[in-house]
Amino acid sequence: MKLIFAGTPAFAAKALEAIIAAGHEVALALTQPDRPAGRGMALQASAVKEVALRHGIEVFQPASLKDGDAQARLAAVGADAMVVAAYGLILPQAALDLPRFGCLNIHASLLPRWRGAAPIQRALLAGDSESGVCIMQMEAGLDTGPVLLCEALPIAADDTAASLHDKLSALGARLIVDALGRLPLPAVAQPAEGVSYAHKIGKAEAIIDWNRSAAELDRHIRAFNPFPGAQARFAGQPVKLWRALPVAGDGEPGSILAVDRGQIVVACGEGALALCELQKAGGKRLAADAFLAGHPLEAGQRFETAT
């Protein structure tokens, strides 16, 4: 098929690679404009742009698709379909109507649960037992369109946003190739019940509140790994927590119950967390024993609680 592909991060790039490998003609790749990144804040191409350029695919990076010139460029392709994955720009109805088979979105949740920008993190925070990918026929509403294909996968007890992302991106890549090979597919309307919204992640959400249960904070740490990193405070300084395990324990929330070479056990509102990987501001991510070598902590000391 002759396609337009619209996407920006690694999740989308995985799907683009699979579509190319399946033999489809990607005539145009849409992606967000280059953004400053890294310590030098140099402009950096998106993961999708890098894949497209590597395969000799024309790249288009409009700031908006609402103007006539941008829409004319899409129309000139004469695409059979447009595949959209984590693109980051709103597609107006005029763009949605251009391809013969419309626009197909790869969405990393079991719709209608977790419509919106951050379905992977929200599923982890909520303690969902499963996630999945839906291939959805796009319409004007936010992830409201009918579903063409859907497949679930279990969320493991140790899944982070990074590991679940990788599983779902591989699943999405496989499903979109399957869907493209079988168009037109019957479209199943999403049920009205069970709708929830995965609002964009804010950095302020990453702050640890030790008054919450150990089970909740374990999910919190895993959901914000790798971005933006769950953040605690000790002696007025930020400490990012990257890996922890719920354990038995009781004490004042935030207080250190025990310290050994492999973990730092901290009391929570219910139960305790054994901190296994930490990072001080400006430092590296370190296993607990390496962290303790440079930052000695003792039982009885206390992490600050959220106010």
# chains A, B, ... in the order shown; residues from 1 in each chain; ligands from 1
>>> residues_around(residues="Lys203 (chain A)", least_positions_apart="4", cutoff="9 Å", atoms="only C-alpha atoms", output="short mmCIF file (atom, residue, chain, number, x, y, z; two decimals) with C-alpha atoms, in the first residue's frame")
data_model
loop_
_atom_site.label_atom_id
_atom_site.label_comp_id
_atom_site.auth_asym_id
_atom_site.auth_seq_id
_atom_site.Cartn_x
_atom_site.Cartn_y
_atom_site.Cartn_z
CA ILE A 207 7.17 13.36 43.99
CA PHE A 227 10.54 9.66 32.87
CA PRO A 228 10.48 11.80 34.89
CA GLY A 229 11.87 9.55 37.66
CA ALA A 230 10.16 9.20 41.05
#
>>> select_by_dssp(residues="region 82-118 of chain A", states="helix (DSSP H, G or I)", output="list in words")
Gln93, Ala94, Ala95 and Leu96 of chain A
>>> closest_residue(among="A:Leu217, A:Met82, A:Leu168, A:Val48", to="Leu125 (chain A)", atoms="only C-alpha atoms")
A:Leu217
>>> residues_around(residues="region 95-105 of chain A", least_positions_apart="2", cutoff="8 Å", atoms="only C-alpha atoms", output="PyMOL selection string")
chain A and resi 65+71+74-75+78-85+91-93+107+134-139+183-184
>>> write_last_selection(atoms="N, CA and C atoms", output="mmCIF file, in the first residue's frame")
data_model
loop_
_atom_site.group_PDB
_atom_site.id
_atom_site.type_symbol
_atom_site.label_atom_id
_atom_site.label_comp_id
_atom_site.auth_asym_id
_atom_site.auth_seq_id
_atom_site.Cartn_x
_atom_site.Cartn_y
_atom_site.Cartn_z
ATOM 1 N N LEU A 65 -1.197 20.944 11.190
ATOM 2 C CA LEU A 65 -1.812 20.392 9.980
ATOM 3 C C LEU A 65 -3.124 21.095 9.652
ATOM 4 N N GLN A 71 -2.115 20.592 4.288
ATOM 5 C CA GLN A 71 -3.100 19.610 3.832
ATOM 6 C C GLN A 71 -2.935 19.305 2.343
ATOM 7 N N LEU A 74 -0.218 16.737 1.928
ATOM 8 C CA LEU A 74 -0.700 15.384 2.229
ATOM 9 C C LEU A 74 -1.557 14.853 1.077
ATOM 10 N N ALA A 75 -2.425 15.687 0.560
ATOM 11 C CA ALA A 75 -3.323 15.261 -0.518
ATOM 12 C C ALA A 75 -2.539 14.858 -1.763
ATOM 13 N N GLY A 78 -1.577 11.072 -2.407
ATOM 14 C CA GLY A 78 -2.537 10.088 -2.903
ATOM 15 C C GLY A 78 -2.444 8.777 -2.145
ATOM 16 N N ALA A 79 -2.339 8.858 -0.826
ATOM 17 C CA ALA A 79 -2.102 7.678 0.011
ATOM 18 C C ALA A 79 -3.353 6.813 0.139
ATOM 19 N N ASP A 80 -3.095 5.487 0.243
ATOM 20 C CA ASP A 80 -4.191 4.560 0.551
ATOM 21 C C ASP A 80 -4.620 4.707 2.003
ATOM 22 N N ALA A 81 -3.666 4.964 2.886
ATOM 23 C CA ALA A 81 -3.966 5.110 4.308
ATOM 24 C C ALA A 81 -2.872 5.941 4.961
ATOM 25 N N MET A 82 -3.205 6.530 6.117
ATOM 26 C CA MET A 82 -2.205 7.181 6.961
ATOM 27 C C MET A 82 -2.152 6.423 8.276
ATOM 28 N N VAL A 83 -0.949 6.048 8.682
ATOM 29 C CA VAL A 83 -0.744 5.388 9.971
ATOM 30 C C VAL A 83 -0.222 6.422 10.959
ATOM 31 N N VAL A 84 -0.855 6.487 12.127
ATOM 32 C CA VAL A 84 -0.508 7.493 13.131
ATOM 33 C C VAL A 84 -0.139 6.784 14.428
ATOM 34 N N ALA A 85 0.988 7.150 15.015
ATOM 35 C CA ALA A 85 1.427 6.563 16.285
ATOM 36 C C ALA A 85 2.167 7.610 17.098
ATOM 37 N N LEU A 91 -4.920 15.960 14.197
ATOM 38 C CA LEU A 91 -5.260 15.827 12.780
ATOM 39 C C LEU A 91 -6.664 16.379 12.553
ATOM 40 N N PRO A 92 -6.803 17.477 11.795
ATOM 41 C CA PRO A 92 -8.141 18.010 11.515
ATOM 42 C C PRO A 92 -8.919 17.056 10.615
ATOM 43 N N GLN A 93 -10.221 17.247 10.573
ATOM 44 C CA GLN A 93 -11.068 16.353 9.786
ATOM 45 C C GLN A 93 -10.643 16.308 8.325
ATOM 46 N N HIS A 107 -2.681 2.637 19.258
ATOM 47 C CA HIS A 107 -2.856 3.186 20.611
ATOM 48 C C HIS A 107 -2.500 2.129 21.655
ATOM 49 N N CYS A 134 -4.509 -1.249 20.584
ATOM 50 C CA CYS A 134 -5.657 -1.196 19.673
ATOM 51 C C CYS A 134 -5.241 -0.476 18.392
ATOM 52 N N ILE A 135 -5.609 -1.041 17.265
ATOM 53 C CA ILE A 135 -5.524 -0.339 15.982
ATOM 54 C C ILE A 135 -6.899 0.267 15.748
ATOM 55 N N MET A 136 -6.944 1.578 15.721
ATOM 56 C CA MET A 136 -8.210 2.304 15.751
ATOM 57 C C MET A 136 -8.370 3.157 14.501
ATOM 58 N N GLN A 137 -9.584 3.194 13.965
ATOM 59 C CA GLN A 137 -9.911 4.098 12.870
ATOM 60 C C GLN A 137 -10.108 5.488 13.464
ATOM 61 N N MET A 138 -9.281 6.441 13.044
ATOM 62 C CA MET A 138 -9.328 7.740 13.691
ATOM 63 C C MET A 138 -10.536 8.561 13.270
ATOM 64 N N GLU A 139 -11.049 9.313 14.249
ATOM 65 C CA GLU A 139 -12.084 10.310 14.002
ATOM 66 C C GLU A 139 -11.730 11.544 14.816
ATOM 67 N N LEU A 183 -6.922 -4.777 5.182
ATOM 68 C CA LEU A 183 -7.911 -3.724 4.929
ATOM 69 C C LEU A 183 -8.759 -4.048 3.697
ATOM 70 N N PRO A 184 -10.064 -3.682 3.731
ATOM 71 C CA PRO A 184 -10.775 -3.045 4.850
ATOM 72 C C PRO A 184 -11.195 -4.060 5.905
#
>>> residues_around(residues="Ile120 (chain A)", least_positions_apart="5", cutoff="12 Å", atoms="only C-alpha atoms", output="ChimeraX atom specification")
/A:11,107-110,113-115,125-128,130-133,155,159-169,197-201,219,222-227
>>> write_last_selection(atoms="N, CA and C atoms", output="CSV table (one decimal), in the first residue's frame")
chain,number,residue,atom,x,y,z
A,11,PHE,N,8.4,4.6,20.1
A,11,PHE,CA,7.2,3.7,20.0
A,11,PHE,C,6.7,3.7,18.5
A,107,HIS,N,-2.7,2.6,19.3
A,107,HIS,CA,-2.9,3.2,20.6
A,107,HIS,C,-2.5,2.1,21.7
A,108,ALA,N,-1.7,2.5,22.6
A,108,ALA,CA,-1.1,1.6,23.6
A,108,ALA,C,-2.0,1.4,24.8
A,109,SER,N,-3.2,1.0,24.6
A,109,SER,CA,-4.1,0.6,25.7
A,109,SER,C,-5.3,-0.2,25.2
A,110,LEU,N,-6.1,-0.7,26.1
A,110,LEU,CA,-7.2,-1.5,25.7
A,110,LEU,C,-8.4,-0.5,25.7
A,113,ARG,N,-10.5,2.2,27.8
A,113,ARG,CA,-9.7,2.5,29.0
A,113,ARG,C,-8.4,3.2,28.5
A,114,TRP,N,-8.0,4.3,29.1
A,114,TRP,CA,-6.8,5.1,28.9
A,114,TRP,C,-6.7,5.6,27.5
A,115,ARG,N,-7.7,6.4,27.1
A,115,ARG,CA,-7.6,7.3,26.0
A,115,ARG,C,-6.7,8.4,26.4
A,125,LEU,N,0.3,3.0,37.1
A,125,LEU,CA,-0.1,3.7,38.4
A,125,LEU,C,-1.4,3.1,39.0
A,126,ALA,N,-2.3,2.8,38.1
A,126,ALA,CA,-3.6,2.2,38.5
A,126,ALA,C,-3.5,0.8,39.0
A,127,GLY,N,-2.4,0.1,38.7
A,127,GLY,CA,-2.3,-1.3,39.1
A,127,GLY,C,-3.1,-2.2,38.2
A,128,ASP,N,-3.2,-1.8,36.9
A,128,ASP,CA,-3.9,-2.7,36.0
A,128,ASP,C,-3.2,-4.0,35.8
A,130,GLU,N,-3.4,-5.9,33.1
A,130,GLU,CA,-3.1,-6.0,31.7
A,130,GLU,C,-3.2,-4.7,30.9
A,131,SER,N,-2.5,-4.7,29.8
A,131,SER,CA,-2.6,-3.6,28.9
A,131,SER,C,-2.7,-4.2,27.5
A,132,GLY,N,-2.4,-3.4,26.5
A,132,GLY,CA,-2.5,-4.0,25.1
A,132,GLY,C,-2.4,-2.9,24.1
A,133,VAL,N,-2.7,-3.2,22.9
A,133,VAL,CA,-2.7,-2.3,21.7
A,133,VAL,C,-4.0,-2.4,20.9
A,155,ILE,N,0.5,-7.3,32.4
A,155,ILE,CA,1.5,-6.4,33.0
A,155,ILE,C,2.2,-7.2,34.1
A,159,ASP,N,7.3,-4.8,35.8
A,159,ASP,CA,7.3,-3.9,34.6
A,159,ASP,C,7.4,-2.4,35.0
A,160,THR,N,8.3,-1.7,34.3
A,160,THR,CA,8.4,-0.3,34.4
A,160,THR,C,7.7,0.3,33.1
A,161,ALA,N,7.6,1.6,33.1
A,161,ALA,CA,7.1,2.3,31.9
A,161,ALA,C,8.0,1.9,30.7
A,162,ALA,N,9.3,1.8,31.0
A,162,ALA,CA,10.3,1.5,29.9
A,162,ALA,C,10.0,0.1,29.3
A,163,SER,N,9.9,-0.9,30.2
A,163,SER,CA,9.8,-2.3,29.8
A,163,SER,C,8.4,-2.5,29.1
A,164,LEU,N,7.4,-1.9,29.7
A,164,LEU,CA,6.0,-2.1,29.2
A,164,LEU,C,5.9,-1.4,27.8
A,165,HIS,N,6.6,-0.2,27.7
A,165,HIS,CA,6.7,0.5,26.4
A,165,HIS,C,7.2,-0.4,25.3
A,166,ASP,N,8.3,-1.1,25.7
A,166,ASP,CA,9.0,-1.9,24.6
A,166,ASP,C,8.1,-3.1,24.2
A,167,LYS,N,7.4,-3.7,25.2
A,167,LYS,CA,6.5,-4.8,24.8
A,167,LYS,C,5.4,-4.3,23.9
A,168,LEU,N,4.8,-3.2,24.3
A,168,LEU,CA,3.7,-2.6,23.6
A,168,LEU,C,4.1,-2.1,22.2
A,169,SER,N,5.3,-1.5,22.1
A,169,SER,CA,5.7,-1.0,20.8
A,169,SER,C,5.9,-2.2,19.8
A,197,TYR,N,-9.3,8.4,31.0
A,197,TYR,CA,-8.4,9.3,30.3
A,197,TYR,C,-7.0,9.3,30.9
A,198,ALA,N,-6.0,9.1,30.0
A,198,ALA,CA,-4.6,9.0,30.5
A,198,ALA,C,-4.0,10.4,30.2
A,199,HIS,N,-4.2,11.3,31.2
A,199,HIS,CA,-3.7,12.6,31.1
A,199,HIS,C,-2.2,12.6,31.0
A,200,LYS,N,-1.6,13.6,30.3
A,200,LYS,CA,-0.2,13.8,30.2
A,200,LYS,C,0.5,13.8,31.6
A,201,ILE,N,1.7,13.2,31.6
A,201,ILE,CA,2.4,13.1,32.9
A,201,ILE,C,3.1,14.4,33.2
A,219,ARG,N,4.3,0.9,42.5
A,219,ARG,CA,3.7,1.2,41.1
A,219,ARG,C,4.2,2.6,40.7
A,222,ARG,N,7.8,2.5,39.4
A,222,ARG,CA,7.8,1.8,38.1
A,222,ARG,C,7.2,2.6,37.0
A,223,ALA,N,6.1,3.3,37.3
A,223,ALA,CA,5.4,4.1,36.3
A,223,ALA,C,6.2,5.3,35.8
A,224,PHE,N,7.1,5.9,36.7
A,224,PHE,CA,7.9,7.1,36.3
A,224,PHE,C,9.3,6.7,36.0
A,225,ASN,N,9.6,5.5,35.6
A,225,ASN,CA,10.9,5.0,35.2
A,225,ASN,C,10.7,4.7,33.7
A,226,PRO,N,11.3,5.4,32.8
A,226,PRO,CA,12.4,6.3,33.0
A,226,PRO,C,12.1,7.8,33.1
A,227,PHE,N,10.9,8.2,32.8
A,227,PHE,CA,10.5,9.7,32.9
A,227,PHE,C,9.3,9.9,33.7
>>> closest_residue(among="A:Leu278, A:Leu171, A:Ile4, A:Gly181", to="Gly294 (chain A)", atoms="only C-alpha atoms")
A:Leu278
>>> closest_residue(among="A:Gly300, A:Ser46, A:Ala94, A:Glu252", to="Gly68 (chain A)", atoms="only C-alpha atoms")
A:Ala94
>>> closest_atom_pairs(of="region 257-301 of chain A", to="region 233-238 of chain A", cutoff="9 Å", atoms="only C-alpha atoms", output="JSON lines")
{"residue": "A:Gln279", "atom": "CA", "partner": "A:Pro238", "partner_atom": "CA", "distance": 8.7}
{"residue": "A:Lys280", "atom": "CA", "partner": "A:Pro238", "partner_atom": "CA", "distance": 6.5}
{"residue": "A:Ala281", "atom": "CA", "partner": "A:Pro238", "partner_atom": "CA", "distance": 6.1}
>>> write_last_selection(atoms="N, CA and C atoms", output="PDB file, in the first residue's frame")
ATOM      1  N   GLN A 279      19.514   7.674  42.983  1.00  0.00           N
ATOM      2  CA  GLN A 279      20.351   8.637  42.263  1.00  0.00           C
ATOM      3  C   GLN A 279      20.257   9.998  42.930  1.00  0.00           C
ATOM      4  N   LYS A 280      21.376  10.511  43.379  1.00  0.00           N
ATOM      5  CA  LYS A 280      21.416  11.881  43.897  1.00  0.00           C
ATOM      6  C   LYS A 280      21.475  12.857  42.730  1.00  0.00           C
ATOM      7  N   ALA A 281      21.073  14.106  42.972  1.00  0.00           N
ATOM      8  CA  ALA A 281      21.099  15.136  41.934  1.00  0.00           C
ATOM      9  C   ALA A 281      22.510  15.278  41.373  1.00  0.00           C
TER      10      ALA A 281
END
>>> atom_distance(atom1="CA of Arg243 (chain A)", atom2="CA of Gly271 (chain A)")
16.4 Å
>>> closest_residue(among="A:Leu111, A:Cys268, A:Ala248, A:Val177", to="Ala214 (chain A)", atoms="only C-alpha atoms")
A:Cys268
>>> closest_residue(among="A:Ile20, A:Ala204, A:Leu275, A:Ala12", to="Ala288 (chain A)", atoms="only C-alpha atoms")
A:Leu275
>>> select_by_dssp(residues="region 201-274 of chain A", states="strand (DSSP E or B)", output="PDB file with N, CA and C atoms, in the first residue's frame")
ATOM      1  N   ILE A 207       6.697  13.211  42.606  1.00  0.00           N
ATOM      2  CA  ILE A 207       7.166  13.362  43.989  1.00  0.00           C
ATOM      3  C   ILE A 207       6.575  12.262  44.879  1.00  0.00           C
ATOM      4  N   SER A 213       0.704   3.774  50.556  1.00  0.00           N
ATOM      5  CA  SER A 213       1.114   2.400  50.842  1.00  0.00           C
ATOM      6  C   SER A 213       2.333   2.015  50.011  1.00  0.00           C
ATOM      7  N   ALA A 230      10.794   8.920  39.753  1.00  0.00           N
ATOM      8  CA  ALA A 230      10.159   9.196  41.048  1.00  0.00           C
ATOM      9  C   ALA A 230      11.151   9.911  41.947  1.00  0.00           C
ATOM     10  N   GLN A 231      10.687  10.958  42.627  1.00  0.00           N
ATOM     11  CA  GLN A 231      11.608  11.815  43.378  1.00  0.00           C
ATOM     12  C   GLN A 231      11.242  11.894  44.854  1.00  0.00           C
ATOM     13  N   ALA A 232      12.205  11.559  45.696  1.00  0.00           N
ATOM     14  CA  ALA A 232      12.078  11.747  47.134  1.00  0.00           C
ATOM     15  C   ALA A 232      13.013  12.873  47.557  1.00  0.00           C
ATOM     16  N   ARG A 233      12.949  13.228  48.839  1.00  0.00           N
ATOM     17  CA  ARG A 233      13.870  14.244  49.361  1.00  0.00           C
ATOM     18  C   ARG A 233      14.467  13.738  50.666  1.00  0.00           C
ATOM     19  N   PHE A 234      15.777  13.952  50.788  1.00  0.00           N
ATOM     20  CA  PHE A 234      16.477  13.571  52.019  1.00  0.00           C
ATOM     21  C   PHE A 234      17.425  14.710  52.385  1.00  0.00           C
ATOM     22  N   GLN A 237      17.684  17.535  49.949  1.00  0.00           N
ATOM     23  CA  GLN A 237      18.199  17.290  48.611  1.00  0.00           C
ATOM     24  C   GLN A 237      17.325  16.265  47.875  1.00  0.00           C
ATOM     25  N   PRO A 238      17.125  16.458  46.558  1.00  0.00           N
ATOM     26  CA  PRO A 238      16.337  15.481  45.801  1.00  0.00           C
ATOM     27  C   PRO A 238      17.106  14.172  45.600  1.00  0.00           C
ATOM     28  N   VAL A 239      16.382  13.068  45.695  1.00  0.00           N
ATOM     29  CA  VAL A 239      16.934  11.739  45.421  1.00  0.00           C
ATOM     30  C   VAL A 239      15.913  11.014  44.534  1.00  0.00           C
ATOM     31  N   LYS A 240      16.362  10.576  43.357  1.00  0.00           N
ATOM     32  CA  LYS A 240      15.465   9.817  42.494  1.00  0.00           C
ATOM     33  C   LYS A 240      15.525   8.336  42.860  1.00  0.00           C
ATOM     34  N   LEU A 241      14.356   7.725  42.858  1.00  0.00           N
ATOM     35  CA  LEU A 241      14.230   6.308  43.181  1.00  0.00           C
ATOM     36  C   LEU A 241      13.868   5.555  41.910  1.00  0.00           C
ATOM     37  N   TRP A 242      14.700   4.598  41.519  1.00  0.00           N
ATOM     38  CA  TRP A 242      14.506   3.896  40.242  1.00  0.00           C
ATOM     39  C   TRP A 242      14.003   2.473  40.401  1.00  0.00           C
ATOM     40  N   ARG A 243      14.287   1.857  41.532  1.00  0.00           N
ATOM     41  CA  ARG A 243      13.840   0.475  41.711  1.00  0.00           C
ATOM     42  C   ARG A 243      13.643   0.220  43.191  1.00  0.00           C
ATOM     43  N   ALA A 244      12.528  -0.438  43.536  1.00  0.00           N
ATOM     44  CA  ALA A 244      12.217  -0.733  44.929  1.00  0.00           C
ATOM     45  C   ALA A 244      11.313  -1.962  44.986  1.00  0.00           C
ATOM     46  N   LEU A 245      11.233  -2.558  46.177  1.00  0.00           N
ATOM     47  CA  LEU A 245      10.384  -3.726  46.372  1.00  0.00           C
ATOM     48  C   LEU A 245       9.549  -3.526  47.631  1.00  0.00           C
ATOM     49  N   PRO A 246       8.230  -3.784  47.586  1.00  0.00           N
ATOM     50  CA  PRO A 246       7.420  -3.737  48.805  1.00  0.00           C
ATOM     51  C   PRO A 246       7.844  -4.865  49.755  1.00  0.00           C
ATOM     52  N   VAL A 247       8.021  -4.531  51.019  1.00  0.00           N
ATOM     53  CA  VAL A 247       8.394  -5.527  52.028  1.00  0.00           C
ATOM     54  C   VAL A 247       7.582  -5.260  53.294  1.00  0.00           C
ATOM     55  N   SER A 255      10.565   7.131  57.444  1.00  0.00           N
ATOM     56  CA  SER A 255      11.695   6.802  58.309  1.00  0.00           C
ATOM     57  C   SER A 255      12.413   5.551  57.805  1.00  0.00           C
ATOM     58  N   ILE A 256      13.725   5.547  57.931  1.00  0.00           N
ATOM     59  CA  ILE A 256      14.543   4.413  57.504  1.00  0.00           C
ATOM     60  C   ILE A 256      14.512   3.361  58.613  1.00  0.00           C
ATOM     61  N   LEU A 257      14.010   2.173  58.260  1.00  0.00           N
ATOM     62  CA  LEU A 257      13.872   1.095  59.240  1.00  0.00           C
ATOM     63  C   LEU A 257      15.120   0.241  59.316  1.00  0.00           C
ATOM     64  N   ALA A 258      15.799   0.057  58.188  1.00  0.00           N
ATOM     65  CA  ALA A 258      16.985  -0.802  58.163  1.00  0.00           C
ATOM     66  C   ALA A 258      17.843  -0.444  56.967  1.00  0.00           C
ATOM     67  N   VAL A 259      19.143  -0.635  57.100  1.00  0.00           N
ATOM     68  CA  VAL A 259      20.084  -0.397  56.010  1.00  0.00           C
ATOM     69  C   VAL A 259      21.045  -1.572  55.967  1.00  0.00           C
ATOM     70  N   ILE A 264      17.779  -0.270  51.235  1.00  0.00           N
ATOM     71  CA  ILE A 264      17.454   0.699  52.270  1.00  0.00           C
ATOM     72  C   ILE A 264      15.951   0.580  52.492  1.00  0.00           C
ATOM     73  N   VAL A 265      15.539   0.126  53.650  1.00  0.00           N
ATOM     74  CA  VAL A 265      14.131  -0.133  53.921  1.00  0.00           C
ATOM     75  C   VAL A 265      13.505   1.104  54.562  1.00  0.00           C
ATOM     76  N   VAL A 266      12.455   1.623  53.909  1.00  0.00           N
ATOM     77  CA  VAL A 266      11.807   2.868  54.351  1.00  0.00           C
ATOM     78  C   VAL A 266      10.338   2.592  54.640  1.00  0.00           C
ATOM     79  N   ALA A 267       9.870   3.077  55.780  1.00  0.00           N
ATOM     80  CA  ALA A 267       8.471   2.886  56.164  1.00  0.00           C
ATOM     81  C   ALA A 267       7.544   3.714  55.297  1.00  0.00           C
ATOM     82  N   GLU A 270       1.549   2.248  54.696  1.00  0.00           N
ATOM     83  CA  GLU A 270       1.224   0.845  54.950  1.00  0.00           C
ATOM     84  C   GLU A 270       2.349   0.002  54.384  1.00  0.00           C
ATOM     85  N   ALA A 272       6.375  -1.263  53.883  1.00  0.00           N
ATOM     86  CA  ALA A 272       7.640  -0.560  53.694  1.00  0.00           C
ATOM     87  C   ALA A 272       8.178  -0.849  52.296  1.00  0.00           C
ATOM     88  N   LEU A 273       9.106  -0.016  51.871  1.00  0.00           N
ATOM     89  CA  LEU A 273       9.773  -0.187  50.575  1.00  0.00           C
ATOM     90  C   LEU A 273      11.247  -0.426  50.793  1.00  0.00           C
ATOM     91  N   ALA A 274      11.765  -1.438  50.113  1.00  0.00           N
ATOM     92  CA  ALA A 274      13.203  -1.659  50.086  1.00  0.00           C
ATOM     93  C   ALA A 274      13.753  -0.989  48.843  1.00  0.00           C
TER      94      ALA A 274
END
>>> atom_distance(atom1="CA of Cys276 (chain A)", atom2="CA of Asp218 (chain A)")
11.4 Å
>>> residues_around(residues="region 22-38 of chain A", least_positions_apart="6", cutoff="8 Å", atoms="only C-alpha atoms", output="ChimeraX atom specification")
/A:1-8,44-46,48-49,52,57-63,77,79,87-89,177
>>> atom_distance(atom1="CA of Gly254 (chain A)", atom2="CA of Trp210 (chain A)")
5.3 Å
>>> closest_residue(among="A:Val51, A:Leu43, A:Leu185, A:Ala10", to="Val147 (chain A)", atoms="only C-alpha atoms")
A:Leu185
